[in-house]
Amino acid sequence: MTNLTWSCKKLSDNGDLSNRIEYWGDEIRLEGYYYCMDSIENTIEIFIFYSNGVVISPGNYENISSLETSFESGSFYDFVKKSKKNWGVFFVENQYIKIERLKAETMFSLPVETLTGEILNDTTFLITNSNYEGENYEINYKYHFKEFSPKPDSTNTFIQ
């Protein structure tokens, strides 16, 4: 059962990114991260979800070991806290997930990519659509959960 609480916090200077919503559901897990193997680039893309409705999506890594080493050393958080493009918000409704993430900053805009898909179970979800700057793309990326502690902090200056 999904139990969402609306937050009155306002985002500042974050393009068309929605306000975050606290997540109290059990459709996805929060005590680790989700990863997807990119067979074309031979890298791993990750999402880290937090109960405050924030998601960190820092791009691709060579392997899980180097990613987790950067978590443990603190270098991961040192990297992501410096750039808006690593942050976003997420929403879960029943078996569907929506992720809005800030993309590469330009002088005049801060584009938002919206990813949507289906939650298959609490450890797996499938992203099937990407909308970026008004263009829709059909995609097929399956993300798997990996428990990990300690997770990087979700505190940032971009999403209040």
# chains A, B, ... in the order shown; residues from 1 in each chain; ligands from 1
>>> residues_around(residues="A:Ser149", least_positions_apart="6", cutoff="10 Å", atoms="only C-alpha atoms", output="number ranges by chain")
A: 31-33, 68, 71-72
>>> write_last_selection(atoms="N, CA and C atoms", output="CSV table (one decimal), in the first residue's frame")
chain,number,residue,atom,x,y,z
A,31,GLU,N,17.3,0.8,1.6
A,31,GLU,CA,18.5,0.6,2.4
A,31,GLU,C,19.7,0.1,1.5
A,32,GLY,N,19.8,0.8,0.4
A,32,GLY,CA,20.9,0.5,-0.6
A,32,GLY,C,20.7,1.3,-1.8
A,33,TYR,N,21.0,0.6,-3.0
A,33,TYR,CA,20.8,1.3,-4.2
A,33,TYR,C,20.4,0.3,-5.3
A,68,GLU,N,31.1,1.2,-4.5
A,68,GLU,CA,31.0,1.1,-3.1
A,68,GLU,C,32.2,1.6,-2.3
A,71,PHE,N,31.6,5.2,-1.9
A,71,PHE,CA,30.6,5.4,-0.8
A,71,PHE,C,31.4,5.4,0.5
A,72,GLU,N,32.2,4.4,0.7
A,72,GLU,CA,32.8,4.2,2.0
A,72,GLU,C,33.8,5.3,2.3
>>> select_by_dssp(residues="chain A", states="strand (DSSP E or B)", output="ChimeraX atom specification")
/A:4-6,21-23,32-38,43-49,54-56,60-61,87-93,96-102,112-121,124-132,135-147
>>> closest_residue(among="A:Tyr137, A:Phe49, A:Tyr61, A:Phe125", to="A:Gly88", atoms="only C-alpha atoms")
A:Phe49
>>> closest_residue(among="A:Asn42, A:Asn129, A:Ser51, A:Asn136", to="A:Glu22", atoms="only C-alpha atoms")
A:Ser51
>>> residues_around(residues="A:Asp16", least_positions_apart="5", cutoff="9 Å", atoms="only C-alpha atoms", output="number ranges by chain")
A: 110-112
>>> write_last_selection(atoms="C-alpha atoms", output="tab-separated table (two decimals), in the first residue's frame")
chain	number	residue	atom	x	y	z
A	110	LEU	CA	18.65	23.19	-16.27
A	111	PRO	CA	16.79	20.48	-18.21
A	112	VAL	CA	14.84	17.77	-16.43
>>> select_by_dssp(residues="chain A", states="helix (DSSP H, G or I)", output="ChimeraX atom specification")
/A:64-73,75-80,84-86
>>> residues_around(residues="stretch 91-97 of chain A", least_positions_apart="2", cutoff="7 Å", atoms="only C-alpha atoms", output="list of chain:residue names")
A:Thr2, A:Ile99, A:Thr116, A:Gly117, A:Glu118, A:Ile119
>>> residues_around(residues="A:Val55", least_positions_apart="3", cutoff="12 Å", atoms="only C-alpha atoms", output="CSV table (one decimal) with C-alpha atoms, in the first residue's frame")
chain,number,residue,atom,x,y,z
A,20,ARG,CA,9.5,16.2,-3.6
A,21,ILE,CA,7.1,14.0,-1.7
A,22,GLU,CA,8.0,11.9,1.3
A,23,TYR,CA,8.0,8.2,0.5
A,30,LEU,CA,15.7,2.3,0.5
A,32,GLY,CA,20.9,0.5,-0.6
A,33,TYR,CA,20.8,1.3,-4.2
A,34,TYR,CA,19.5,0.1,-7.6
A,46,ILE,CA,22.7,3.7,-10.3
A,47,PHE,CA,19.8,5.3,-8.4
A,48,ILE,CA,19.8,5.9,-4.7
A,49,PHE,CA,16.4,6.6,-3.2
A,50,TYR,CA,15.6,8.3,0.1
A,51,SER,CA,12.5,8.4,2.2
A,52,ASN,CA,12.4,12.2,1.8
A,58,PRO,CA,25.3,10.3,-10.5
A,80,VAL,CA,27.6,14.6,-6.1
A,84,LYS,CA,22.7,19.9,-9.5
A,85,LYS,CA,22.7,17.3,-12.3
A,86,ASN,CA,23.2,14.5,-9.8
A,87,TRP,CA,19.9,15.1,-8.0
A,88,GLY,CA,16.2,14.6,-8.5
A,89,VAL,CA,12.9,13.5,-7.0
A,90,PHE,CA,10.9,10.3,-7.4
A,91,PHE,CA,7.3,9.2,-7.0
A,98,LYS,CA,8.5,8.2,-11.9
A,99,ILE,CA,12.0,9.7,-11.6
A,100,GLU,CA,12.7,13.3,-12.4
A,101,ARG,CA,16.4,14.1,-12.6
A,102,LEU,CA,18.3,17.2,-13.4
A,151,LYS,CA,24.4,5.0,2.1
A,152,PRO,CA,25.6,8.5,1.0
A,153,ASP,CA,23.8,11.4,2.7
A,154,SER,CA,20.8,12.9,0.8
A,155,THR,CA,21.4,16.4,2.2
A,156,ASN,CA,22.1,18.9,-0.6
A,158,PHE,CA,19.6,21.9,-4.5
A,159,ILE,CA,16.4,20.2,-3.3
>>> residues_around(residues="stretch 141-144 of chain A", least_positions_apart="5", cutoff="6 Å", atoms="only C-alpha atoms", output="VMD selection string")
chain A and resid 34 to 36 123 to 127
